[in-house]
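Undergrad: Sharing work-v4.cif below, mmCIF, C-alpha atoms:
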```cif
data_data
#
loop_
_atom_site.label_atom_id
_atom_site.label_comp_id
_atom_site.auth_asym_id
_atom_site.auth_seq_id
_atom_site.Cartn_x
_atom_site.Cartn_y
_atom_site.Cartn_z
CA VAL A 1418 0.00 0.00 0.00
CA GLU A 1419 2.80 2.40 0.92
CA LEU A 1420 4.68 1.77 -2.33
CA LEU A 1421 1.52 2.23 -4.39
CA CYS A 1422 0.89 5.57 -2.69
CA ASN A 1423 4.43 6.99 -2.79
CA GLY A 1424 5.41 6.02 -6.35
CA GLY A 1425 7.52 2.97 -5.54
CA PHE A 1426 5.38 0.90 -7.92
CA SER A 1427 4.99 3.63 -10.55
CA PRO A 1428 3.18 3.71 -12.93
CA LEU A 1429 0.70 1.89 -10.65
CA THR A 1430 -1.41 4.04 -8.33
CA GLY A 1431 -3.65 1.24 -7.10
CA PHE A 1432 -4.14 -2.51 -7.03
CA LEU A 1433 -4.40 -4.26 -10.40
CA GLU A 1434 -7.78 -4.51 -12.10
CA GLU A 1435 -8.61 -7.75 -13.91
CA LYS A 1436 -7.38 -6.62 -17.33
CA GLU A 1437 -4.09 -5.40 -15.84
CA TYR A 1438 -3.67 -8.54 -13.73
CA THR A 1439 -4.17 -10.81 -16.75
CA SER A 1440 -1.67 -8.81 -18.79
CA VAL A 1441 1.00 -8.94 -16.06
CA VAL A 1442 0.56 -12.69 -15.53
CA ASP A 1443 0.50 -13.54 -19.26
CA GLU A 1444 2.82 -10.97 -20.80
CA MET A 1445 4.89 -9.61 -17.89
CA LYS A 1446 3.65 -6.18 -18.96
CA LEU A 1447 0.86 -3.75 -18.18
CA PRO A 1448 -1.72 -3.19 -21.00
CA SER A 1449 0.17 0.02 -21.81
CA GLY A 1450 3.22 -2.08 -22.73
CA VAL A 1451 5.29 -1.09 -19.68
CA ILE A 1452 7.21 -4.01 -18.17
CA PHE A 1453 5.69 -5.15 -14.87
CA SER A 1454 6.65 -8.65 -13.81
CA LEU A 1455 4.68 -9.55 -10.65
CA PRO A 1456 1.01 -8.79 -9.98
CA VAL A 1457 0.32 -6.34 -7.14
CA VAL A 1458 -3.10 -7.39 -5.88
CA MET A 1459 -5.50 -7.03 -2.96
CA ASP A 1460 -7.34 -10.21 -2.05
CA THR A 1461 -10.61 -10.68 -0.20
CA SER A 1462 -13.19 -13.33 0.61
CA ASP A 1463 -15.68 -10.68 1.79
CA ASP A 1464 -18.86 -10.87 -0.30
CA SER A 1465 -19.94 -7.42 0.88
CA ILE A 1466 -17.04 -5.77 -0.98
CA ASP A 1467 -17.88 -5.12 -4.61
CA VAL A 1468 -17.32 -2.63 -7.41
CA GLY A 1469 -18.07 0.84 -6.06
CA SER A 1470 -17.11 -0.01 -2.48
CA LYS A 1471 -14.82 2.27 -0.49
CA VAL A 1472 -12.42 0.23 1.65
CA LEU A 1473 -10.28 1.58 4.50
CA LEU A 1474 -6.94 -0.23 4.54
CA THR A 1475 -5.33 -0.41 7.99
CA TYR A 1476 -2.11 -1.95 9.27
CA GLN A 1477 -1.50 -2.47 13.00
CA GLY A 1478 -3.73 0.46 13.90
CA THR A 1479 -2.51 2.81 11.15
CA ASN A 1480 -5.06 3.99 8.58
CA MET A 1481 -2.92 3.72 5.46
CA ALA A 1482 -5.27 4.40 2.55
CA VAL A 1483 -8.81 4.43 1.19
CA MET A 1484 -9.35 2.17 -1.79
CA THR A 1485 -12.06 2.75 -4.37
CA VAL A 1486 -12.96 -0.65 -5.83
CA THR A 1487 -13.33 -0.55 -9.62
CA SER A 1488 -12.84 -4.26 -10.36
CA LYS A 1489 -13.58 -7.53 -8.57
CA TYR A 1490 -12.59 -10.83 -10.12
CA LYS A 1491 -11.75 -14.45 -9.40
CA PRO A 1492 -8.10 -15.03 -10.33
CA ASP A 1493 -6.74 -18.11 -12.06
CA LYS A 1494 -4.41 -18.96 -9.19
CA PRO A 1495 -2.82 -22.07 -10.74
CA LYS A 1496 -1.94 -20.09 -13.86
CA GLU A 1497 -0.65 -17.18 -11.77
CA CYS A 1498 1.65 -19.56 -9.89
CA LEU A 1499 2.94 -21.31 -13.00
CA GLU A 1500 3.61 -18.08 -14.91
CA CYS A 1501 4.97 -15.96 -12.06
CA TYR A 1502 6.77 -18.58 -9.94
CA GLY A 1503 7.47 -21.18 -12.60
CA THR A 1504 5.91 -23.94 -10.50
CA ALA A 1505 2.63 -25.06 -8.95
CA SER A 1506 4.39 -26.85 -6.09
CA ILE A 1507 3.05 -25.96 -2.66
CA GLU A 1508 6.66 -26.27 -1.44
CA HIS A 1509 7.35 -22.88 -3.03
CA PRO A 1510 6.63 -20.08 -0.50
CA GLY A 1511 5.11 -17.81 -3.17
CA VAL A 1512 2.80 -20.55 -4.41
CA ARG A 1513 1.85 -21.34 -0.82
CA MET A 1514 0.99 -17.66 -0.27
CA VAL A 1515 -1.21 -17.46 -3.37
CA ALA A 1516 -2.93 -20.82 -2.81
CA MET A 1517 -3.35 -20.87 0.97
CA GLU A 1518 -3.16 -17.32 2.32
CA ARG A 1519 -5.00 -15.19 -0.22
CA GLY A 1520 -8.77 -14.86 -0.40
CA SER A 1521 -11.01 -16.15 -3.17
CA HIS A 1522 -11.21 -12.88 -5.12
CA TYR A 1523 -8.97 -9.95 -6.03
CA ILE A 1524 -10.15 -6.36 -5.99
CA GLY A 1525 -8.57 -3.62 -8.06
CA GLY A 1526 -8.77 0.13 -7.84
CA SER A 1527 -7.06 3.39 -6.96
CA LEU A 1528 -5.74 4.36 -3.54
CA GLU A 1529 -5.82 7.62 -1.63
CA GLY A 1530 -2.92 7.57 0.81
CA LEU A 1531 -3.44 8.59 4.45
CA GLU A 1532 -0.64 7.61 6.84
CA VAL A 1533 2.40 5.32 6.99
CA PRO A 1534 3.20 2.98 9.88
CA VAL A 1535 5.89 3.74 12.43
CA ARG A 1536 8.79 1.30 12.05
CA ASP A 1537 12.12 0.50 13.66
CA PHE A 1538 13.69 1.06 10.23
CA PRO A 1539 12.91 4.41 8.54
CA CYS A 1540 11.76 4.07 4.93
CA LYS A 1541 12.47 7.02 2.64
CA THR A 1542 10.02 7.61 -0.19
CA PRO A 1543 11.24 7.34 -3.78
CA LEU A 1544 11.34 11.15 -3.98
CA GLU A 1545 13.32 11.46 -0.76
CA THR A 1546 15.73 8.77 -1.94
CA ARG A 1547 16.23 10.37 -5.36
CA GLU A 1548 16.94 13.72 -3.71
CA SER A 1549 19.74 12.09 -1.67
CA LEU A 1550 21.45 10.70 -4.78
CA PRO A 1551 23.79 12.52 -7.19
CA ASP A 1552 22.21 13.74 -10.45
CA ASP A 1553 25.33 13.22 -12.55
CA ALA A 1554 26.41 9.70 -11.59
CA ASP A 1555 25.37 6.10 -12.08
CA VAL A 1556 23.52 4.70 -9.06
CA VAL A 1557 23.97 0.96 -8.50
CA ALA A 1558 21.23 -0.64 -6.38
CA PHE A 1559 21.91 -3.52 -4.01
CA GLN A 1560 18.87 -5.53 -2.92
CA CYS A 1561 19.08 -8.04 -0.08
CA ARG A 1562 16.69 -9.83 2.26
CA ASN A 1563 19.23 -11.06 4.83
CA PRO A 1564 21.45 -9.61 7.56
CA VAL A 1565 24.41 -8.07 5.77
CA HIS A 1566 27.73 -9.95 5.86
CA ARG A 1567 31.21 -9.62 4.42
CA ALA A 1568 30.41 -11.25 1.08
CA HIS A 1569 27.56 -8.76 0.57
CA TYR A 1570 29.92 -5.88 1.32
CA GLU A 1571 32.45 -7.13 -1.22
CA LEU A 1572 29.66 -7.67 -3.75
CA PHE A 1573 28.20 -4.17 -3.60
CA THR A 1574 31.50 -2.29 -3.29
CA ARG A 1575 33.13 -4.20 -6.16
CA ALA A 1576 30.07 -3.49 -8.31
CA LEU A 1577 31.30 0.12 -8.46
CA ASP A 1578 34.13 -1.19 -10.66
CA ALA A 1579 31.90 -3.19 -13.02
CA PRO A 1580 32.63 -2.63 -16.74
CA ASN A 1581 29.24 -1.01 -17.46
CA VAL A 1582 29.35 1.35 -14.44
CA ALA A 1583 30.82 4.88 -14.68
CA GLU A 1584 33.85 5.83 -12.56
CA ASN A 1585 31.98 8.32 -10.35
CA ALA A 1586 29.15 5.89 -9.52
CA VAL A 1587 27.63 5.41 -6.08
CA VAL A 1588 25.90 2.34 -4.66
CA LEU A 1589 22.50 2.46 -2.96
CA VAL A 1590 22.19 -0.30 -0.36
CA HIS A 1591 18.41 -0.78 -0.34
CA PRO A 1592 17.35 -4.01 1.40
CA THR A 1593 13.77 -5.21 1.80
CA CYS A 1594 12.91 -5.13 5.48
CA GLY A 1595 9.48 -6.74 5.41
CA PRO A 1596 8.59 -10.42 5.95
CA THR A 1597 10.39 -12.88 3.67
CA GLN A 1598 10.57 -16.65 4.23
CA GLU A 1599 9.32 -18.17 7.47
CA GLU A 1600 12.79 -19.07 8.75
CA ASP A 1601 14.37 -15.69 7.88
CA ILE A 1602 15.58 -13.26 10.54
CA PRO A 1603 13.04 -10.43 11.19
CA GLY A 1604 13.34 -7.10 9.35
CA PRO A 1605 14.07 -4.93 12.42
CA VAL A 1606 17.01 -7.21 13.30
CA ARG A 1607 18.29 -7.18 9.71
CA HIS A 1608 18.10 -3.39 9.75
CA LYS A 1609 20.43 -3.20 12.76
CA THR A 1610 23.16 -5.10 10.89
CA TYR A 1611 23.05 -2.53 8.08
CA GLU A 1612 23.23 0.32 10.56
CA VAL A 1613 26.37 -1.19 12.13
CA LEU A 1614 28.02 -1.66 8.73
CA GLN A 1615 27.12 1.89 7.71
CA ASP A 1616 28.77 3.25 10.85
CA GLU A 1617 31.86 1.06 10.52
CA THR A 1618 32.54 1.95 6.87
CA LYS A 1619 31.42 5.59 6.64
CA ASP A 1620 34.98 6.98 6.57
CA THR A 1621 36.40 4.49 4.05
CA PRO A 1622 36.66 5.30 0.32
CA ALA A 1623 33.93 2.76 -0.49
CA GLY A 1624 31.79 3.98 2.41
CA GLN A 1625 31.86 7.53 1.06
CA ARG A 1626 30.44 6.22 -2.22
CA THR A 1627 27.64 4.30 -0.49
CA ARG A 1628 24.10 5.51 0.24
CA TRP A 1629 21.61 3.69 2.48
CA ALA A 1630 17.83 3.32 2.50
CA TYR A 1631 15.25 0.65 3.39
CA LEU A 1632 12.37 -0.77 1.36
CA PRO A 1633 9.02 -1.49 3.08
CA TYR A 1634 8.32 -4.61 1.10
CA SER A 1635 8.39 -8.39 1.37
CA MET A 1636 9.97 -11.03 -0.84
CA HIS A 1637 7.99 -13.45 -3.01
CA MET A 1638 10.98 -15.68 -3.86
CA ALA A 1639 9.91 -15.53 -7.51
CA GLY A 1640 13.39 -15.81 -9.00
CA PRO A 1641 13.78 -14.22 -12.46
CA ARG A 1642 10.47 -12.38 -12.40
CA GLU A 1643 11.28 -10.95 -8.99
CA ALA A 1644 14.64 -9.69 -10.25
CA ILE A 1645 12.81 -7.68 -12.91
CA HIS A 1646 10.29 -6.49 -10.32
CA HIS A 1647 13.05 -5.16 -8.06
CA MET A 1648 14.85 -3.50 -10.98
CA MET A 1649 11.64 -1.61 -11.78
CA ILE A 1650 11.19 -0.57 -8.14
CA ARG A 1651 14.80 0.68 -7.88
CA LYS A 1652 14.39 2.67 -11.10
CA ASN A 1653 11.59 4.54 -9.32
CA PHE A 1654 14.00 5.19 -6.45
CA GLY A 1655 16.53 6.78 -8.81
CA CYS A 1656 18.84 3.88 -9.67
CA THR A 1657 20.43 3.29 -13.07
CA HIS A 1658 22.00 -0.12 -12.38
CA PHE A 1659 20.99 -3.16 -10.36
CA ILE A 1660 23.20 -5.90 -8.87
CA ILE A 1661 22.02 -9.46 -9.51
CA GLY A 1662 23.83 -12.25 -7.71
CA ARG A 1663 23.58 -15.98 -8.14
CA ASP A 1664 19.99 -17.33 -8.01
CA MET A 1665 18.50 -13.99 -6.94
CA ALA A 1666 15.19 -14.35 -5.07
CA GLY A 1667 15.53 -18.10 -5.45
CA SER A 1668 13.94 -20.82 -3.38
CA LYS A 1669 14.49 -24.52 -2.76
CA SER A 1670 12.15 -27.46 -2.43
CA SER A 1671 11.63 -28.30 1.22
CA VAL A 1672 11.43 -32.00 0.26
CA THR A 1673 14.23 -32.57 -2.26
CA GLY A 1674 16.37 -29.48 -1.65
CA ASP A 1675 16.43 -28.77 -5.39
CA ASP A 1676 16.46 -25.17 -6.59
CA PHE A 1677 13.31 -23.93 -8.31
CA TYR A 1678 15.40 -21.74 -10.65
CA GLY A 1679 18.70 -22.02 -12.45
CA ALA A 1680 21.65 -20.19 -10.93
CA PHE A 1681 21.81 -17.58 -13.71
CA GLU A 1682 18.19 -17.41 -14.95
CA ALA A 1683 17.57 -14.09 -13.19
CA GLN A 1684 20.77 -12.57 -14.62
CA ASP A 1685 19.95 -13.72 -18.14
CA LEU A 1686 16.40 -12.34 -18.04
CA ALA A 1687 17.57 -9.06 -16.54
CA LYS A 1688 20.26 -8.59 -19.18
CA SER A 1689 17.76 -9.30 -21.97
CA LEU A 1690 15.29 -6.68 -20.67
CA ALA A 1691 17.77 -4.09 -19.34
CA ASP A 1692 17.48 -1.61 -22.22
CA GLU A 1693 13.69 -1.78 -22.28
CA LEU A 1694 13.56 -1.38 -18.50
CA GLY A 1695 16.02 1.51 -18.51
CA VAL A 1696 18.07 -0.19 -15.77
CA GLN A 1697 21.30 -2.03 -16.50
CA ALA A 1698 22.05 -5.36 -14.84
CA VAL A 1699 25.32 -5.78 -12.92
CA PRO A 1700 25.80 -9.58 -12.64
CA SER A 1701 27.82 -10.90 -9.72
#
```
Transcribe the structure of this file into structure tokens.
TA:
Amino acid sequence: VELLCNGGFSPLTGFLEEKEYTSVVDEMKLPSGVIFSLPVVMDTSDDSIDVGSKVLLTYQGTNMAVMTVTSKYKPDKPKECLECYGTASIEHPGVRMVAMERGSHYIGGSLEGLEVPVRDFPCKTPLETRESLPDDADVVAFQCRNPVHRAHYELFTRALDAPNVAENAVVLVHPTCGPTQEEDIPGPVRHKTYEVLQDETKDTPAGQRTRWAYLPYSMHMAGPREAIHHMMIRKNFGCTHFIIGRDMAGSKSSVTGDDFYGAFEAQDLAKSLADELGVQAVPS
């Protein structure tokens, strides 16, 4: 809701209507032709909500937005899972979410933003983030869902020297701090690790070329499609490049331990769509 209201999901200003949802699932694009790789939907099993309804959206006591419902439809959940997650296996956390946690219908429509929740980790808006970034330099985004560790630090600082990145580039460390997989460490704890690293490196040459912000969003573990989704989001936050590591946003079978995606599928898809997206991939 917050990202729909503040431009993080631009050009979206509300939850997908049926025509938009179908286009995103089938074509990985909005009807306008703009790339959009994962459906952003509001689900409900409430029969009293229908087209024309006004719905107050609240989160932990915060009134976040008023939604005007302009579309109500029954999604093809098996197709959504196969197209967006590449599998119908209930072992996949994204499939499990769609199949077992979401309501029977989706509702689409515009949002009127009200308030944002108070968090342990402050989340700058896209506008605030863009204003903190240089206008005349490449901005390389680093997305992560885990507590930061040394390999991450090497990954995002070395990305400044990538062949397709200009010499005066900066890196924006921009982790998702919402819920991810069930066994993952909570967002507020992950945030503290980034704060420590920021303090420890602020006076180093790499630290002076690093900017920090936090994304109020959760992971879907959708592999290649999620890589494209996060590239689009970071473009809205002012980034020109996006780091993609091995098996980005990947997930494993809880039974066999096999990966749902190939190690470099996300990189390959990102490189193929980079020019159309207007964000260049930095493989790592």
Undergrad: Selection in question (the file shown): the PyMOL selection byres ((chain A and resi 1482) around 9). Which residues does it include, as a list in words?
TA: Val1418, Glu1419, Cys1422, Val1472, Leu1473, Leu1474, Thr1475, Asn1480, Met1481, Val1483, Met1484, Leu1528, Glu1529, Gly1530, Leu1531, Glu1532 and Val1533 of chain A
Undergrad: Would you mind listing what lies within 12 Å of region 1432-1443 of chain A as a PDB file with C-alpha atoms, in the frame of the given file, with only C-alpha atoms counted and same-chain residues fewer than 3 positions away left out?
TA:
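Final output, out06.pdb:
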```
ATOM      1  CA  VAL A1418       0.000   0.000   0.000  1.00  0.00           C
ATOM      2  CA  GLU A1419       2.800   2.400   0.920  1.00  0.00           C
ATOM      3  CA  LEU A1420       4.680   1.770  -2.330  1.00  0.00           C
ATOM      4  CA  LEU A1421       1.520   2.230  -4.390  1.00  0.00           C
ATOM      5  CA  CYS A1422       0.890   5.570  -2.690  1.00  0.00           C
ATOM      6  CA  PHE A1426       5.380   0.900  -7.920  1.00  0.00           C
ATOM      7  CA  SER A1427       4.990   3.630 -10.550  1.00  0.00           C
ATOM      8  CA  PRO A1428       3.180   3.710 -12.930  1.00  0.00           C
ATOM      9  CA  LEU A1429       0.700   1.890 -10.650  1.00  0.00           C
ATOM     10  CA  LYS A1446       3.650  -6.180 -18.960  1.00  0.00           C
ATOM     11  CA  LEU A1447       0.860  -3.750 -18.180  1.00  0.00           C
ATOM     12  CA  PRO A1448      -1.720  -3.190 -21.000  1.00  0.00           C
ATOM     13  CA  SER A1449       0.170   0.020 -21.810  1.00  0.00           C
ATOM     14  CA  GLY A1450       3.220  -2.080 -22.730  1.00  0.00           C
ATOM     15  CA  VAL A1451       5.290  -1.090 -19.680  1.00  0.00           C
ATOM     16  CA  ILE A1452       7.210  -4.010 -18.170  1.00  0.00           C
ATOM     17  CA  PHE A1453       5.690  -5.150 -14.870  1.00  0.00           C
ATOM     18  CA  SER A1454       6.650  -8.650 -13.810  1.00  0.00           C
ATOM     19  CA  LEU A1455       4.680  -9.550 -10.650  1.00  0.00           C
ATOM     20  CA  PRO A1456       1.010  -8.790  -9.980  1.00  0.00           C
ATOM     21  CA  VAL A1457       0.320  -6.340  -7.140  1.00  0.00           C
ATOM     22  CA  VAL A1458      -3.100  -7.390  -5.880  1.00  0.00           C
ATOM     23  CA  MET A1459      -5.500  -7.030  -2.960  1.00  0.00           C
ATOM     24  CA  ASP A1460      -7.340 -10.210  -2.050  1.00  0.00           C
ATOM     25  CA  VAL A1468     -17.320  -2.630  -7.410  1.00  0.00           C
ATOM     26  CA  ALA A1482      -5.270   4.400   2.550  1.00  0.00           C
ATOM     27  CA  VAL A1483      -8.810   4.430   1.190  1.00  0.00           C
ATOM     28  CA  MET A1484      -9.350   2.170  -1.790  1.00  0.00           C
ATOM     29  CA  THR A1485     -12.060   2.750  -4.370  1.00  0.00           C
ATOM     30  CA  VAL A1486     -12.960  -0.650  -5.830  1.00  0.00           C
ATOM     31  CA  THR A1487     -13.330  -0.550  -9.620  1.00  0.00           C
ATOM     32  CA  SER A1488     -12.840  -4.260 -10.360  1.00  0.00           C
ATOM     33  CA  LYS A1489     -13.580  -7.530  -8.570  1.00  0.00           C
ATOM     34  CA  TYR A1490     -12.590 -10.830 -10.120  1.00  0.00           C
ATOM     35  CA  LYS A1491     -11.750 -14.450  -9.400  1.00  0.00           C
ATOM     36  CA  PRO A1492      -8.100 -15.030 -10.330  1.00  0.00           C
ATOM     37  CA  ASP A1493      -6.740 -18.110 -12.060  1.00  0.00           C
ATOM     38  CA  LYS A1494      -4.410 -18.960  -9.190  1.00  0.00           C
ATOM     39  CA  PRO A1495      -2.820 -22.070 -10.740  1.00  0.00           C
ATOM     40  CA  LYS A1496      -1.940 -20.090 -13.860  1.00  0.00           C
ATOM     41  CA  GLU A1497      -0.650 -17.180 -11.770  1.00  0.00           C
ATOM     42  CA  CYS A1498       1.650 -19.560  -9.890  1.00  0.00           C
ATOM     43  CA  LEU A1499       2.940 -21.310 -13.000  1.00  0.00           C
ATOM     44  CA  GLU A1500       3.610 -18.080 -14.910  1.00  0.00           C
ATOM     45  CA  CYS A1501       4.970 -15.960 -12.060  1.00  0.00           C
ATOM     46  CA  TYR A1502       6.770 -18.580  -9.940  1.00  0.00           C
ATOM     47  CA  GLY A1503       7.470 -21.180 -12.600  1.00  0.00           C
ATOM     48  CA  HIS A1522     -11.210 -12.880  -5.120  1.00  0.00           C
ATOM     49  CA  TYR A1523      -8.970  -9.950  -6.030  1.00  0.00           C
ATOM     50  CA  ILE A1524     -10.150  -6.360  -5.990  1.00  0.00           C
ATOM     51  CA  GLY A1525      -8.570  -3.620  -8.060  1.00  0.00           C
ATOM     52  CA  GLY A1526      -8.770   0.130  -7.840  1.00  0.00           C
ATOM     53  CA  SER A1527      -7.060   3.390  -6.960  1.00  0.00           C
ATOM     54  CA  LEU A1528      -5.740   4.360  -3.540  1.00  0.00           C
ATOM     55  CA  GLU A1529      -5.820   7.620  -1.630  1.00  0.00           C
ATOM     56  CA  ARG A1642      10.470 -12.380 -12.400  1.00  0.00           C
ATOM     57  CA  HIS A1646      10.290  -6.490 -10.320  1.00  0.00           C
TER      58      HIS A1646
END
```
Undergrad: So what does the PyMOL selection byres ((chain A and resi 1537) around 12) actually pick up in this one, as number ranges by chain?
TA: A: 1534-1536, 1538-1540, 1594-1595, 1603-1609, 1612, 1631, 1633
Undergrad: Here is a test: counting all atoms listed in the file, which residue of A:Ala1639, A:Glu1682, A:Gly1424, A:Leu1632 is nearest to Lys1669 (chain A)?
TA: A:Ala1639
Undergrad: Which value, in Å to one decimal, gives the distance between CA of Gln1625 (chain A) and CA of His1647 (chain A)?
TA: 24.5 Å
Undergrad: Between CA of His1658 (chain A) and CA of Arg1547 (chain A), what is the spacing in Å?
TA: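 Pair CA of Arg1547 (chain A) / CA of His1658 (chain A) returns 13.9 Å.
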Undergrad: Can you translate the PyMOL selection byres ((chain A and resi 1661) around 9) into the concrete residues it hits in this file, as an MDAnalysis selection string?
TA: chainID A and resid 1559:1560 1644 1659:1660 1662:1665 1683:1684 1687 1698:1701
Undergrad: So, with all atoms listed in the file as the atoms that count, which of A:Gln1615, A:Thr1673, A:Thr1542, A:Thr1430 lies closest to Phe1654 (chain A)?
TA: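 Nearest to Phe1654 (chain A): A:Thr1542.
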Undergrad: For CA of Asp1555 (chain A) and CA of Pro1592 (chain A), determine how far apart the two atoms are, in Å to one decimal place.
TA: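 So the two atoms, CA of Asp1555 (chain A) and CA of Pro1592 (chain A), lie 18.7 Å apart.
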Undergrad: Give the answer as one residue: which of A:Ala1568, A:Ala1558, A:Leu1614, A:Val1672 has the shortest atom-to-atom distance to Val1590 (chain A), using all atoms listed in the file?
TA: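 Distance minimum relative to Val1590 (chain A) lands on A:Ala1558.
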Undergrad: Skip Gly1695 (chain A) itself and residues of its chain fewer than 4 positions away, then list as a PDB file with C-alpha atoms, in the coordinates of the input all residues within 9 Å of it, counting all atoms listed in the file.
TA:
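For reference, part_9.pdb as written:
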```
ATOM      1  CA  MET A1649      11.640  -1.610 -11.780  1.00  0.00           C
ATOM      2  CA  LYS A1652      14.390   2.670 -11.100  1.00  0.00           C
ATOM      3  CA  THR A1657      20.430   3.290 -13.070  1.00  0.00           C
ATOM      4  CA  HIS A1658      22.000  -0.120 -12.380  1.00  0.00           C
ATOM      5  CA  LEU A1690      15.290  -6.680 -20.670  1.00  0.00           C
ATOM      6  CA  ALA A1691      17.770  -4.090 -19.340  1.00  0.00           C
TER       7      ALA A1691
END
```
Undergrad: Nearest to Ser1668 (chain A): which of A:His1637, A:Arg1562, A:Arg1519, A:Arg1575 is it, counting all atoms listed in the file?
TA: A:His1637
Undergrad: Find the residue from A:Val1613, A:Leu1686, A:Ala1583, A:Val1696 that sits nearest to Gly1655 (chain A); use all atoms listed in the file when measuring.
TA: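 Checking each candidate against Gly1655 (chain A), we get A:Val1696 as the closest.
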Undergrad: So, counting all atoms listed in the file, which residue among A:Arg1651, A:Lys1619, A:Lys1471, A:Arg1626 is closest to Asn1585 (chain A)?
TA: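 Of A:Arg1651, A:Lys1619, A:Lys1471, A:Arg1626, the one nearest Asn1585 (chain A), counting all atoms listed in the file, is A:Arg1626.
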Undergrad: To test the calculation: enclose all listed atoms of region 1629-1637 of chain A in a box whose edges run along x, y and z, add 4 Å on each side, then state centre and edge lengths in Å to one decimal, as AutoDock Vina command-line options.
TA:
```
--center_x 14.8 --center_y -4.9 --center_z 0.2 --size_x 21.6 --size_y 25.1 --size_z 14.4
```
